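So the structure is just underneath, and the comments pick up after that.
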Amino acid sequence: MASRAVWKGQLRLSLVAIPVELHAATSSGARISFRQIHGPSGKPVRYEKSVSGVGPVKSDDIMKGYEVGDGDYLLLDPDEIASIKLETKKTLELVQFVDQCEIPPLYYEKPYYVVPTDELAEDAYRVVRDALRAEGKTALGQLTMRGREYLCAIRPCGDGLLLETLRYEDEVRKADPLFSSIEDQTSDEDLLEVATQLIRRKSAPFKADAFRDNYDKALRDLIEAKRKNRKTPRAKTGDKAESRPQGENVVDLMSALKESLKKDGGKSAKAPARATKPRAKPKPKSA
């Protein structure tokens with residue numbers, strides 16, 4: 001199945017704007033998922049939105065409620081929230097660069113592949129990728145998707161770029177309250193030596209394919225055995241296909257990079273450069 005972009009917009013480095021799209025780097029389809037089925041009828045269980053004393057309600061009548069205290073809610077129309085205008089809805093600007101080892105692992109959330117939308121964007125895309133690789137840096141920026149603005153880290157990954165959403169500082173719990181009861185004493189030297197030897201003996205390069213999800217395998221074996229058993233209860237249901245979004249275009253390069261350096265050196269800012277495809281030369285008229 002072809003990958004579907006989850007976000008489309010511009011990756012911007014100062015005055016250089018590169019049209020890109022994000023694709024999920026992980027696959028939930030690789031795991032077994034179940035759907036709840038009503039045993040006696042064999043029909044899928046559906047969840048209906050309802051209100052106590054009212055019963056089922058229409059989606060159009062549902063508002064967003066923000067609790068202000070004592071069970072009181074401030075009501076907002078979903079369209080009001082959707083209308084919030086942020087530049088990060090369509091633009092991911094690289095605003096800072098840090099060493100690749102500088103971000104603590106617990107801040108990383110979910111990975112995405114950053115892909116140029118067309119051949120015209122590839123030159124600028126490669127320049128950003130190679131510059132990050134040469135400097136050993138990770139770029140930081142923000143983008144808005146799925147009703148939330150994410151902090152993002154971007155770094156080279158093979159021939160492309162990998163974006164990882166990051167947790168904000170207030171989303172990370174402090175470890176001190178949990179670790180404070182652990183006594184700060186020096187470990188026994190003999191025990192430490194044995195543990196160190198075990199670690200050295202078992203050290204090897206990381207290979208993801210060396211590990212298997214044993215629970216997933218056992219679950220698949222169970223499903224296969226049940227599939228072959230004619231006595232296993234069965235039910236029929238159907239799913240609706242989802243629609244796919246479409247994309248856009250942009251970019252210029254060397255002049256934009258030079259202008260970016262001027263701008264960062266104190267010159268006046270210009271709009272991000274957008275390239276257009278070169279016009280075809282007119283064909284000579286036949287005699």
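Just remember, in the structure tokens the first chain shown is A, the second B, etc., residues are 1-based per chain, and ligands are 1-based in the order shown.
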Near-region 205-221 of chain A list (8 Å; only C-alpha atoms; drop same-chain fewer than 2 positions) as a CSV table (one decimal) with all heavy atoms, in the first residue's frame:
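For reference, part_5.csv as written:
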chain,number,residue,atom,x,y,z
A,31,ARG,N,1.0,-4.7,13.5
A,31,ARG,CA,0.5,-5.3,14.7
A,31,ARG,C,-1.0,-5.8,14.5
A,31,ARG,O,-1.7,-5.2,13.8
A,31,ARG,CB,0.5,-4.3,15.9
A,31,ARG,CG,1.9,-3.9,16.3
A,31,ARG,CD,2.6,-5.1,17.0
A,31,ARG,NE,4.0,-4.8,17.2
A,31,ARG,CZ,5.0,-5.2,16.4
A,31,ARG,NH1,4.7,-5.9,15.4
A,31,ARG,NH2,6.3,-5.0,16.7
A,32,ILE,N,-1.3,-6.9,15.2
A,32,ILE,CA,-2.7,-7.4,15.1
A,32,ILE,C,-3.6,-6.5,15.9
A,32,ILE,O,-3.3,-6.0,17.0
A,32,ILE,CB,-2.7,-8.8,15.8
A,32,ILE,CG1,-2.0,-9.8,14.9
A,32,ILE,CG2,-4.2,-9.2,16.0
A,32,ILE,CD1,-1.9,-11.2,15.5
A,203,SER,N,27.9,-7.0,24.4
A,203,SER,CA,27.9,-5.8,23.6
A,203,SER,C,28.0,-6.2,22.1
A,203,SER,O,28.8,-7.0,21.8
A,203,SER,CB,29.0,-4.8,24.0
A,203,SER,OG,28.7,-4.4,25.3
A,223,ILE,N,-4.6,-17.3,16.1
A,223,ILE,CA,-5.6,-16.9,15.1
A,223,ILE,C,-5.5,-17.9,13.9
A,223,ILE,O,-6.6,-18.3,13.4
A,223,ILE,CB,-5.2,-15.5,14.6
A,223,ILE,CG1,-5.6,-14.5,15.7
A,223,ILE,CG2,-6.0,-15.2,13.3
A,223,ILE,CD1,-5.1,-13.1,15.4
A,224,GLU,N,-4.3,-18.4,13.6
A,224,GLU,CA,-4.2,-19.4,12.5
A,224,GLU,C,-4.9,-20.7,12.9
A,224,GLU,O,-5.6,-21.3,12.0
A,224,GLU,CB,-2.8,-19.6,12.1
A,224,GLU,CG,-2.5,-20.5,11.0
A,224,GLU,CD,-3.1,-20.1,9.6
A,224,GLU,OE1,-3.5,-18.9,9.5
A,224,GLU,OE2,-3.3,-20.9,8.8
A,225,ALA,N,-4.7,-21.1,14.1
A,225,ALA,CA,-5.3,-22.4,14.6
A,225,ALA,C,-6.8,-22.2,14.6
A,225,ALA,O,-7.6,-23.1,14.2
A,225,ALA,CB,-4.8,-22.7,16.0
- Query: How would you write, as a PyMOL selection string, the set of residues in region 9-235 of chain A that DSSP gives as helix (DSSP H, G or I)?
  - Reply: chain A and resi 28-30+59-61+78-82+87-89+105-107+119-135+169-171+176-179+189-201+208-210+214-228
Quiz item: Smallest atom-to-atom distance to Leu120 (chain A): which of A:Ile18, A:Ala2, A:Leu222, A:Glu80, using only C-alpha atoms?
Solution: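 Closest to Leu120 (chain A) of all the choices is A:Ile18.
Each of A:Val16, A:Leu92, A:Ile37, A:Leu161 was compared to Asp130 (chain A) using only C-alpha atoms, and A:Leu161 turns out to be the nearest.
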Among region 15-245 of chain A, which residues carry a DSSP assignment of strand (DSSP E or B), reported as a ChimeraX atom specification?
/A:16-24,37-38,43-44,50-51,55-56,64-69,72-76,91-93,96-99,108-116,137-145,148-157,160-166
Expressed in Å, the length from CA of Asp188 (chain A) to CA of Ala204 (chain A) is 26.0 Å
Any chance you could tabulate, as a tab-separated table, the residues of region 196-236 of chain A at most 12 Å from region 41-49 of chain A with each one's nearest atom pair and distance in Å to one decimal, using only C-alpha atoms, in chain and rising number order?
residue	atom	partner	partner_atom	distance
A:Pro233	CA	A:Gly42	CA	8.8
A:Arg234	CA	A:Gly42	CA	7.3
A:Ala235	CA	A:Gly42	CA	4.9
A:Lys236	CA	A:Gly42	CA	7.2
Using only C-alpha atoms, the shortest atom-to-atom distance to Asp264 (chain A) among A:Tyr73, A:Ile154, A:Lys8, A:Ser14 belongs to A:Ser14
Correct to one decimal, the distance CA of Val20 (chain A)-CA of Val115 (chain A) is 5.4 Å
Problem set entry | Polymer residues at most 8 Å from Ala82 (chain A), only C-alpha atoms, same-chain spacing of 3 or more positions, as a VMD selection string | chain A and resid 78 to 79 147
Serialized selection, all heavy atoms, as a PDB file, in the first residue's frame:
ATOM      1  N   PRO A  78     -16.161  24.020  17.714  1.00  0.00           N
ATOM      2  CA  PRO A  78     -14.994  23.411  17.061  1.00  0.00           C
ATOM      3  C   PRO A  78     -14.460  24.248  15.896  1.00  0.00           C
ATOM      4  O   PRO A  78     -13.248  24.261  15.640  1.00  0.00           O
ATOM      5  CB  PRO A  78     -15.540  22.059  16.564  1.00  0.00           C
ATOM      6  CG  PRO A  78     -16.641  21.741  17.513  1.00  0.00           C
ATOM      7  CD  PRO A  78     -17.273  23.057  17.849  1.00  0.00           C
ATOM      8  N   ASP A  79     -15.353  24.972  15.181  1.00  0.00           N
ATOM      9  CA  ASP A  79     -14.915  25.819  14.065  1.00  0.00           C
ATOM     10  C   ASP A  79     -14.063  26.987  14.552  1.00  0.00           C
ATOM     11  O   ASP A  79     -13.168  27.452  13.844  1.00  0.00           O
ATOM     12  CB  ASP A  79     -16.124  26.355  13.290  1.00  0.00           C
ATOM     13  CG  ASP A  79     -16.835  25.262  12.506  1.00  0.00           C
ATOM     14  OD1 ASP A  79     -16.181  24.222  12.242  1.00  0.00           O
ATOM     15  OD2 ASP A  79     -18.013  25.428  12.165  1.00  0.00           O
ATOM     16  N   GLY A 147      -4.620  19.279  14.909  1.00  0.00           N
ATOM     17  CA  GLY A 147      -5.105  20.094  16.006  1.00  0.00           C
ATOM     18  C   GLY A 147      -4.114  20.366  17.109  1.00  0.00           C
ATOM     19  O   GLY A 147      -4.494  20.669  18.236  1.00  0.00           O
TER      20      GLY A 147
END
With the cut-off set at 12 Å and counting only C-alpha atoms, tabulate each residue of region 79-159 of chain A with an atom at most that distance from an atom of region 172-181 of chain A, showing the nearest atom pair and its distance in Å to one decimal, ordered by chain and increasing number, as CSV.
residue,atom,partner,partner_atom,distance
A:Pro104,CA,A:Val172,CA,10.8
A:Pro105,CA,A:Val172,CA,11.1
A:Leu106,CA,A:Val172,CA,7.7
A:Tyr107,CA,A:Val172,CA,7.3
A:Tyr108,CA,A:Val172,CA,10.5
A:Glu109,CA,A:Val172,CA,11.2
Prev. selection, N, CA and C atoms, output as a CSV table (one decimal), in the first residue's frame:
chain,number,residue,atom,x,y,z
A,104,PRO,N,17.7,14.9,25.2
A,104,PRO,CA,17.5,13.7,26.0
A,104,PRO,C,16.5,12.8,25.4
A,105,PRO,N,16.7,11.4,25.4
A,105,PRO,CA,15.8,10.5,24.7
A,105,PRO,C,14.4,10.6,25.2
A,106,LEU,N,14.1,10.9,26.4
A,106,LEU,CA,12.7,11.0,26.9
A,106,LEU,C,11.9,12.1,26.2
A,107,TYR,N,12.5,13.0,25.5
A,107,TYR,CA,11.8,14.1,24.8
A,107,TYR,C,11.2,13.6,23.5
A,108,TYR,N,11.8,12.5,22.9
A,108,TYR,CA,11.4,12.1,21.6
A,108,TYR,C,10.1,11.4,21.7
A,109,GLU,N,9.2,11.6,20.6
A,109,GLU,CA,7.9,11.1,20.7
A,109,GLU,C,7.6,10.2,19.5
